[in-house]
Amino acid sequence: MLKRFSRHLLAASVTVALIGCAQSSNHSPEKSVSQISEVIRGTDNPFAKEAIYFVVTDRFVDGDPSNNHEDQGGEHPTWELRLDGPEGKFANVGYMGGDLQGVLNNGDYISDLGFTAVWLTPVLDNPDQAFTGDEPISYGGQFKDGGKTGYHGYWATNFYKADEHLVSENLSYADYTRAMRDDYGLKSVFDIVANHGSPSYTMPEDQPGYGELYDAEGKLVADHQNLHPTELDTDKPLQAFFHPYPDLAKLSNLNEHNPDVQDYLINSYLYWIEQGADAFRIDTIRHVSHDFWRTMSDRIREQHPDFFMFGESFVYDANFIAQHTLPKNGGVSVLDFPMQKAMNEVFGEASTEEASQQENNAPESKGYEKLRDVLFLTHGPYANPYELTTFYDNHDMPRMQASDEGFINAHNWLFTARGIPVVYQGSEIGFMRGTAEHAGNRNYLGQDAIDNAGNHDIYKSLKTIANVRKQTPALQRGLQVNLTFTENTAAFYRIVQDDNARQIALVLLNKGDESEQMTVSKWLQTGDWEEQLTGQRRTVSSNGKLTTTVAPNSAQVWVLNAPVTHSGLLETTRQQMQRQ
């Protein structure tokens with residue numbers, strides 16, 4: 001990241017080499033191609049071209065029933081632990097059968113939908129019983145772990161071993177990553193944790209696996225021994241892995257300052273890269289010191305230069321989460337929570353409580369202006385805003401409550417604006433929309449839902465816009481130059497000009513219920529433009545304009561495959577890159 005960041009600064013500085021300095025006598029806004037040699041882009045990070053489909057592996061598809069282990073757990077079973085709610089609603093905190101084979105079986109589905117990478121919840125080994133400590137979880141409950149299992153993968157007992165529910169006799173994680181890459185062109189994002197292992201205390205009787213950590217050879221290296229963190233004796237080797245104070249719920253609080261813990265964790269991350277991980281998503285990154293992440297990123301990138309990582313800092317303050325992106329703190333990108341909040345406000349539907357509050361107060365704007373304000377294209381806190389992973393919901397928060405049109409418009413924004421888009425499994429059909437964790441957010445998706453997804457309007461629209469991004473370099477890493485943002489419409493350019501592509505994309509969005517005639521003349525370059533969703537073509541002459549009708553809840557992406565020759569656009573991009 002440090003090398004890449006330096007390269008970007010170099011490109012963003014004023015490094016224009018004008019071969020000919022003389023201006024034409026008619027003061028045309030155009031310059032000839034031969035006069036210009038300048039890099040224009042948002043980022044040069046190769047991972048910026050990806051679009052990520054996020055899977056909670058156990059809740060996707062059961063591709064191999066032989067690894068379900070339905071009788072596991074004895075008196076504390078782990079299979080199908082249903083939480084019943086009102087009006088037939090339900091959730092589940094047990095294993096439900098999803099596995100790597102189920103994801104691999106649907107690699108074509110994910111790739112055809114327009115995605116190029118799959119982020120799985122952790123594949124690490126978790127305890128083999130339901131947890132008996134803490135307060136019992138119930139339908140819709142939060143911050144309680146009693147009666148739950150580690151189906152989600154975040155309660156690791158061995159950071160070097162895959163969970164038996166996820167792998168198959170003939171499909172290891174390495175087999176899976178190889179097949180996803182070779183057969184479907186899909187990269188693998190591996191979910192890592194550093195701040196915690198499993199729940200580790202408050203059990204009536206100590207349970208196997210809980211509070212324990214094993215190394216690559218299966219040797220016990222840490223044991224919380226069902227003690228409250230303040231009762232730990234960190235002079236004892238098996239307890240030295242932990243901080244002697246609590247953090248999240250009843251989870252063990254790993255001491256990232258302990259050199260043995262650092263080696264245990266970082267060596268495990270390197271191991272999974274060897275098994276085919278192409279990038280890391282980092283869980284609960286803000287619960288671990290910047291010093292650890294700098295040490296970790298230096299060690300990772302020493303062996304794997306420019307390896308891409310993005311962290312979860314569940315905070316809506318851009319200045320706070322941006323700390324992780326700075327080179328001195330490890331140069332780790334982050335999930336864009338400020339954008340997530342804004343997207344829900346712009347594309348989602350207000351809850352009854354929110355609607356009531358708005359009736360008593362001046363209604364808050366839900367236009368594209370709200371999204372423009374969290375882009376931070378210039379003078380922002382992030383090392384590079386184009387490398388943020390953008391999303392509107394995930395497994396840790398309520399799914400977006402929106403109409404079909406709301407999801408369609410959200411995807412049109414997500415796949416055209418700056419950032420690396422992430423979509424949570426099932427959102428392509430509006431699955432369990434509006435539901436929170438333990439209330440349906442992580443319910444089992446299943447093969448039938450996937451087989452029938454092609455009939456859904458959200459799916460059809462997502463497939464279109466995601467594949468446009470997949471084929472358009474300007475939408476992947478191009479500089480974003482904003483034009484107009486109103487209540488229902490947005491217009492902006494995405495521009496890339498380097499050794500790999502010379503392309504200008506003009507994005508027009510309409511989230512309104514009526515068609516909008518949109519006209520663009522500002523910085524519009526002459527040439528033959530092609531609309532990527534419909535194949536329409538327009539030739540723009542000097543000092544011309546482009547007028548088009550954008551249908552309700554839709555997008556248009558007009559592309560000109562040419563270097564920037566418009567003097568106004570060139571100067572604007574130069575100034576914006578200087579201030580990025």
# chains A, B, ... in the order shown; residues from 1 in each chain; ligands from 1
>>> residues_around(residues="Val193 in chain A", least_positions_apart="5", cutoff="12 Å", atoms="only C-alpha atoms", output="PyMOL selection string")
chain A and resi 121-124+153-159+198+252-254+256+264-266+268-269+280-288+293+311-312
>>> write_last_selection(atoms="N, CA and C atoms", output="short mmCIF file (atom, residue, chain, number, x, y, z; two decimals), in the first residue's frame")
data_model
loop_
_atom_site.label_atom_id
_atom_site.label_comp_id
_atom_site.auth_asym_id
_atom_site.auth_seq_id
_atom_site.Cartn_x
_atom_site.Cartn_y
_atom_site.Cartn_z
N THR A 121 -17.85 -15.13 4.81
CA THR A 121 -17.61 -15.05 6.24
C THR A 121 -16.50 -16.05 6.59
N PRO A 122 -15.85 -15.92 7.75
CA PRO A 122 -14.67 -16.75 8.04
C PRO A 122 -14.93 -18.25 7.87
N VAL A 123 -13.95 -18.92 7.30
CA VAL A 123 -14.04 -20.37 7.11
C VAL A 123 -13.39 -21.12 8.27
N LEU A 124 -12.98 -20.40 9.30
CA LEU A 124 -12.21 -20.99 10.40
C LEU A 124 -13.05 -21.92 11.28
N GLY A 153 -18.84 -18.24 11.68
CA GLY A 153 -17.40 -18.35 11.51
C GLY A 153 -16.55 -17.41 12.34
N TYR A 154 -17.17 -16.49 13.07
CA TYR A 154 -16.40 -15.47 13.78
C TYR A 154 -15.93 -15.90 15.17
N TRP A 155 -16.23 -17.12 15.59
CA TRP A 155 -15.83 -17.61 16.91
C TRP A 155 -14.70 -18.64 16.77
N ALA A 156 -13.60 -18.26 16.20
CA ALA A 156 -12.55 -19.22 15.86
C ALA A 156 -11.91 -19.86 17.08
N THR A 157 -11.67 -21.17 16.97
CA THR A 157 -10.86 -21.89 17.95
C THR A 157 -9.51 -22.28 17.36
N ASN A 158 -9.40 -22.22 16.04
CA ASN A 158 -8.14 -22.50 15.37
C ASN A 158 -8.07 -21.65 14.10
N PHE A 159 -7.16 -20.69 14.10
CA PHE A 159 -7.04 -19.75 12.98
C PHE A 159 -6.37 -20.37 11.76
N SER A 198 -13.47 -17.01 20.45
CA SER A 198 -14.84 -17.43 20.77
C SER A 198 -15.31 -16.80 22.08
N SER A 252 -13.47 -13.61 23.94
CA SER A 252 -12.11 -13.44 24.42
C SER A 252 -11.50 -12.20 23.75
N ASN A 253 -10.72 -11.46 24.52
CA ASN A 253 -10.15 -10.20 24.05
C ASN A 253 -8.65 -10.41 23.82
N LEU A 254 -8.28 -10.70 22.58
CA LEU A 254 -6.89 -11.05 22.27
C LEU A 254 -5.95 -9.86 22.45
N GLU A 256 -3.17 -8.05 21.21
CA GLU A 256 -2.42 -7.90 19.97
C GLU A 256 -1.01 -7.36 20.18
N TYR A 264 1.05 -15.60 15.89
CA TYR A 264 -0.04 -16.56 15.69
C TYR A 264 -1.01 -16.04 14.63
N LEU A 265 -1.43 -14.80 14.78
CA LEU A 265 -2.42 -14.24 13.88
C LEU A 265 -1.84 -13.97 12.48
N ILE A 266 -0.74 -13.26 12.43
CA ILE A 266 -0.20 -12.85 11.13
C ILE A 266 0.24 -14.05 10.31
N SER A 268 -1.12 -16.92 10.44
CA SER A 268 -2.34 -17.56 9.94
C SER A 268 -2.87 -16.82 8.71
N TYR A 269 -2.77 -15.50 8.71
CA TYR A 269 -3.23 -14.74 7.54
C TYR A 269 -2.38 -15.09 6.32
N PHE A 280 -8.27 -9.38 1.89
CA PHE A 280 -8.82 -9.57 3.24
C PHE A 280 -9.89 -8.54 3.52
N ARG A 281 -10.95 -9.00 4.14
CA ARG A 281 -11.88 -8.12 4.85
C ARG A 281 -11.56 -8.31 6.33
N ILE A 282 -11.37 -7.22 7.05
CA ILE A 282 -10.94 -7.28 8.46
C ILE A 282 -12.12 -6.96 9.36
N ASP A 283 -12.48 -7.90 10.19
CA ASP A 283 -13.58 -7.73 11.14
C ASP A 283 -13.14 -6.82 12.29
N THR A 284 -14.06 -5.98 12.76
CA THR A 284 -13.88 -5.17 13.98
C THR A 284 -12.50 -4.52 14.05
N ILE A 285 -12.09 -3.87 12.99
CA ILE A 285 -10.73 -3.33 12.91
C ILE A 285 -10.45 -2.28 13.97
N ARG A 286 -11.46 -1.52 14.37
CA ARG A 286 -11.21 -0.44 15.33
C ARG A 286 -10.97 -0.95 16.75
N HIS A 287 -11.21 -2.23 16.99
CA HIS A 287 -10.98 -2.79 18.32
C HIS A 287 -9.54 -3.26 18.51
N VAL A 288 -8.70 -3.02 17.52
CA VAL A 288 -7.29 -3.41 17.57
C VAL A 288 -6.45 -2.18 17.25
N TRP A 293 -1.95 -3.18 13.17
CA TRP A 293 -2.29 -3.23 11.75
C TRP A 293 -1.12 -2.78 10.89
N GLY A 311 -11.29 -2.86 6.05
CA GLY A 311 -11.72 -3.17 7.40
C GLY A 311 -13.11 -2.68 7.72
N GLU A 312 -13.68 -3.29 8.76
CA GLU A 312 -14.99 -2.88 9.27
C GLU A 312 -14.81 -2.07 10.54
#
>>> select_by_dssp(residues="range 259-438 of chain A", states="alpha helix (DSSP H)", output="VMD selection string")
chain A and resid 259 to 274 290 to 303 318 to 321 337 to 347 352 to 360 368 to 372 404 to 414
>>> atom_distance(atom1="CA of Asn409 in chain A", atom2="CA of Leu475 in chain A")
16.4 Å
>>> residues_around(residues="range 410-416 of chain A", least_positions_apart="2", cutoff="7 Å", atoms="only C-alpha atoms", output="count of residues only")
14
>>> closest_atom_pairs(of="range 52-120 of chain A", to="range 179-185 of chain A", cutoff="7 Å", atoms="only C-alpha atoms", output="JSON lines")
{"residue": "A:Leu104", "atom": "CA", "partner": "A:Met180", "partner_atom": "CA", "distance": 6.5}
{"residue": "A:Gly107", "atom": "CA", "partner": "A:Tyr184", "partner_atom": "CA", "distance": 6.0}
{"residue": "A:Asp108", "atom": "CA", "partner": "A:Tyr184", "partner_atom": "CA", "distance": 6.1}
{"residue": "A:Ser111", "atom": "CA", "partner": "A:Tyr184", "partner_atom": "CA", "distance": 6.3}
{"residue": "A:Thr116", "atom": "CA", "partner": "A:Gly185", "partner_atom": "CA", "distance": 6.6}
>>> select_by_dssp(residues="range 72-185 of chain A", states="strand (DSSP E)", output="PyMOL selection string")
chain A and resi 82-84+90-92+117-120+124-125+158-162
>>> residues_around(residues="Gly97 in chain A", least_positions_apart="6", cutoff="10 Å", atoms="only C-alpha atoms", output="count of residues only")
21
>>> closest_atom_pairs(of="range 68-156 of chain A", to="range 41-56 of chain A", cutoff="8 Å", atoms="only C-alpha atoms", output="tab-separated table")
residue	atom	partner	partner_atom	distance
A:Ile110	CA	A:Tyr53	CA	7.3
A:Gly114	CA	A:Ala51	CA	7.6
A:Phe115	CA	A:Ala51	CA	5.0
A:Thr116	CA	A:Ala51	CA	5.4
A:Ala117	CA	A:Ile52	CA	4.8
A:Val118	CA	A:Tyr53	CA	4.9
A:Trp119	CA	A:Phe54	CA	4.7
A:Leu120	CA	A:Val55	CA	5.0
A:Thr121	CA	A:Val56	CA	5.2
A:His152	CA	A:Val56	CA	6.6
>>> write_last_selection(atoms="N, CA, C and O atoms", output="JSON list (two decimals), in the first residue's frame")
[["chain", "number", "residue", "atom", "x", "y", "z"],
["A", 110, "ILE", "N", -23.02, -16.07, -9.80],
["A", 110, "ILE", "CA", -22.40, -14.86, -9.25],
["A", 110, "ILE", "C", -21.65, -14.10, -10.34],
["A", 110, "ILE", "O", -21.74, -12.87, -10.45],
["A", 114, "GLY", "N", -22.51, -10.23, -12.64],
["A", 114, "GLY", "CA", -21.64, -9.07, -12.83],
["A", 114, "GLY", "C", -20.57, -8.90, -11.77],
["A", 114, "GLY", "O", -19.82, -7.93, -11.80],
["A", 115, "PHE", "N", -20.47, -9.86, -10.86],
["A", 115, "PHE", "CA", -19.47, -9.76, -9.79],
["A", 115, "PHE", "C", -18.18, -10.44, -10.21],
["A", 115, "PHE", "O", -18.16, -11.35, -11.05],
["A", 116, "THR", "N", -17.08, -10.00, -9.59],
["A", 116, "THR", "CA", -15.77, -10.54, -9.93],
["A", 116, "THR", "C", -15.04, -11.09, -8.71],
["A", 116, "THR", "O", -13.93, -11.60, -8.84],
["A", 117, "ALA", "N", -15.63, -10.96, -7.53],
["A", 117, "ALA", "CA", -15.01, -11.46, -6.30],
["A", 117, "ALA", "C", -16.11, -11.88, -5.34],
["A", 117, "ALA", "O", -17.23, -11.33, -5.36],
["A", 118, "VAL", "N", -15.79, -12.86, -4.49],
["A", 118, "VAL", "CA", -16.74, -13.32, -3.47],
["A", 118, "VAL", "C", -16.07, -13.21, -2.10],
["A", 118, "VAL", "O", -15.00, -13.77, -1.88],
["A", 119, "TRP", "N", -16.72, -12.48, -1.22],
["A", 119, "TRP", "CA", -16.29, -12.38, 0.17],
["A", 119, "TRP", "C", -17.12, -13.36, 0.99],
["A", 119, "TRP", "O", -18.34, -13.28, 1.01],
["A", 120, "LEU", "N", -16.43, -14.30, 1.63],
["A", 120, "LEU", "CA", -17.08, -15.27, 2.51],
["A", 120, "LEU", "C", -16.86, -14.88, 3.96],
["A", 120, "LEU", "O", -15.79, -14.39, 4.33],
["A", 121, "THR", "N", -17.85, -15.13, 4.81],
["A", 121, "THR", "CA", -17.61, -15.05, 6.24],
["A", 121, "THR", "C", -16.50, -16.05, 6.59],
["A", 121, "THR", "O", -16.21, -16.96, 5.81],
["A", 152, "HIS", "N", -21.53, -18.64, 11.84],
["A", 152, "HIS", "CA", -21.07, -17.48, 11.06],
["A", 152, "HIS", "C", -19.56, -17.46, 10.88],
["A", 152, "HIS", "O", -19.04, -16.71, 10.05]]
>>> residues_around(residues="His438 in chain A", least_positions_apart="5", cutoff="10 Å", atoms="only C-alpha atoms", output="ChimeraX atom specification")
/A:82-85,90-93,137-142,396,398,443
>>> write_last_selection(atoms="all heavy atoms", output="short mmCIF file (atom, residue, chain, number, x, y, z; two decimals), in the first residue's frame")
data_model
loop_
_atom_site.label_atom_id
_atom_site.label_comp_id
_atom_site.auth_asym_id
_atom_site.auth_seq_id
_atom_site.Cartn_x
_atom_site.Cartn_y
_atom_site.Cartn_z
N ARG A 82 -33.93 -22.70 15.84
CA ARG A 82 -34.87 -21.68 15.34
C ARG A 82 -35.31 -20.74 16.44
O ARG A 82 -35.57 -21.15 17.58
CB ARG A 82 -36.07 -22.39 14.72
CG ARG A 82 -37.13 -21.46 14.15
CD ARG A 82 -38.13 -22.25 13.33
NE ARG A 82 -39.33 -21.49 13.02
CZ ARG A 82 -39.91 -21.46 11.84
NH1 ARG A 82 -39.38 -22.15 10.84
NH2 ARG A 82 -41.01 -20.77 11.64
N LEU A 83 -35.39 -19.44 16.08
CA LEU A 83 -35.94 -18.41 16.97
C LEU A 83 -37.25 -17.95 16.36
O LEU A 83 -37.28 -17.37 15.27
CB LEU A 83 -34.97 -17.23 17.08
CG LEU A 83 -33.54 -17.52 17.56
CD1 LEU A 83 -32.72 -16.23 17.52
CD2 LEU A 83 -33.54 -18.12 18.95
N ASP A 84 -38.35 -18.22 17.03
CA ASP A 84 -39.66 -17.85 16.50
C ASP A 84 -40.08 -16.47 16.99
O ASP A 84 -39.90 -16.11 18.16
CB ASP A 84 -40.71 -18.88 16.92
CG ASP A 84 -40.53 -20.20 16.18
OD1 ASP A 84 -40.49 -20.17 14.93
OD2 ASP A 84 -40.40 -21.25 16.85
N GLY A 85 -40.63 -15.71 16.06
CA GLY A 85 -41.12 -14.38 16.37
C GLY A 85 -42.59 -14.26 16.09
O GLY A 85 -43.28 -15.25 15.82
N PHE A 90 -39.30 -15.68 11.79
CA PHE A 90 -38.33 -16.52 12.48
C PHE A 90 -36.91 -16.17 12.04
O PHE A 90 -36.69 -15.51 11.02
CB PHE A 90 -38.61 -18.00 12.20
CG PHE A 90 -38.44 -18.38 10.75
CD1 PHE A 90 -37.22 -18.85 10.27
CD2 PHE A 90 -39.50 -18.27 9.86
CE1 PHE A 90 -37.07 -19.19 8.94
CE2 PHE A 90 -39.35 -18.61 8.53
CZ PHE A 90 -38.14 -19.07 8.06
N ALA A 91 -35.97 -16.63 12.84
CA ALA A 91 -34.55 -16.56 12.52
C ALA A 91 -33.93 -17.87 12.98
O ALA A 91 -34.64 -18.79 13.41
CB ALA A 91 -33.90 -15.36 13.20
N ASN A 92 -32.61 -17.98 12.90
CA ASN A 92 -31.96 -19.22 13.27
C ASN A 92 -30.55 -18.91 13.75
O ASN A 92 -29.86 -18.07 13.16
CB ASN A 92 -31.92 -20.18 12.08
CG ASN A 92 -31.82 -21.63 12.51
OD1 ASN A 92 -30.83 -22.05 13.10
ND2 ASN A 92 -32.87 -22.40 12.23
N VAL A 93 -30.11 -19.58 14.80
CA VAL A 93 -28.76 -19.37 15.33
C VAL A 93 -27.97 -20.67 15.33
O VAL A 93 -26.93 -20.79 15.98
CB VAL A 93 -28.79 -18.75 16.74
CG1 VAL A 93 -29.31 -17.33 16.68
CG2 VAL A 93 -29.61 -19.60 17.70
N ILE A 137 -30.29 -15.85 23.73
CA ILE A 137 -30.75 -15.04 22.60
C ILE A 137 -32.20 -15.39 22.29
O ILE A 137 -32.63 -16.53 22.47
CB ILE A 137 -29.85 -15.26 21.37
CG1 ILE A 137 -30.19 -14.27 20.26
CG2 ILE A 137 -29.98 -16.70 20.85
CD1 ILE A 137 -29.91 -12.83 20.62
N SER A 138 -32.95 -14.41 21.85
CA SER A 138 -34.33 -14.63 21.44
C SER A 138 -34.56 -13.89 20.13
O SER A 138 -33.72 -13.12 19.68
CB SER A 138 -35.31 -14.11 22.50
OG SER A 138 -35.08 -12.72 22.76
N TYR A 139 -35.68 -14.13 19.50
CA TYR A 139 -35.99 -13.50 18.22
C TYR A 139 -35.86 -11.98 18.35
O TYR A 139 -36.44 -11.36 19.24
CB TYR A 139 -37.39 -13.86 17.76
CG TYR A 139 -37.80 -13.18 16.47
CD1 TYR A 139 -37.47 -13.74 15.25
CD2 TYR A 139 -38.48 -11.96 16.49
CE1 TYR A 139 -37.83 -13.11 14.05
CE2 TYR A 139 -38.83 -11.32 15.30
CZ TYR A 139 -38.49 -11.90 14.09
OH TYR A 139 -38.82 -11.28 12.92
N GLY A 140 -35.08 -11.39 17.46
CA GLY A 140 -34.90 -9.95 17.46
C GLY A 140 -33.96 -9.42 18.52
O GLY A 140 -33.73 -8.21 18.60
N GLY A 141 -33.37 -10.31 19.32
CA GLY A 141 -32.49 -9.87 20.38
C GLY A 141 -31.14 -9.40 19.86
O GLY A 141 -30.72 -9.75 18.76
N GLN A 142 -30.45 -8.62 20.69
CA GLN A 142 -29.15 -8.10 20.30
C GLN A 142 -28.16 -8.25 21.44
O GLN A 142 -28.54 -8.23 22.62
CB GLN A 142 -29.23 -6.62 19.90
CG GLN A 142 -29.95 -6.37 18.59
CD GLN A 142 -29.91 -4.90 18.23
OE1 GLN A 142 -30.38 -4.04 18.96
NE2 GLN A 142 -29.33 -4.59 17.07
N ASP A 396 -24.58 -7.53 9.68
CA ASP A 396 -24.50 -7.00 11.04
C ASP A 396 -25.50 -5.88 11.31
O ASP A 396 -25.48 -5.29 12.39
CB ASP A 396 -23.09 -6.47 11.30
CG ASP A 396 -22.07 -7.59 11.48
OD1 ASP A 396 -22.46 -8.66 11.97
OD2 ASP A 396 -20.90 -7.38 11.13
N PRO A 398 -29.65 -4.10 10.02
CA PRO A 398 -30.88 -4.40 9.27
C PRO A 398 -30.64 -4.30 7.77
O PRO A 398 -29.96 -3.39 7.29
CB PRO A 398 -31.86 -3.33 9.76
CG PRO A 398 -31.37 -2.94 11.11
CD PRO A 398 -29.87 -3.03 11.02
N ASN A 443 -31.18 -15.19 7.37
CA ASN A 443 -31.91 -16.42 7.05
C ASN A 443 -31.32 -17.12 5.81
O ASN A 443 -30.69 -16.49 4.97
CB ASN A 443 -33.39 -16.11 6.82
CG ASN A 443 -34.14 -15.98 8.14
OD1 ASN A 443 -33.54 -15.91 9.21
ND2 ASN A 443 -35.46 -15.94 8.06
#
>>> closest_residue(among="A:Asp451, A:Glu514, A:Asp291, A:Asp393", to="Glu437 in chain A", atoms="only C-alpha atoms")
A:Asp393
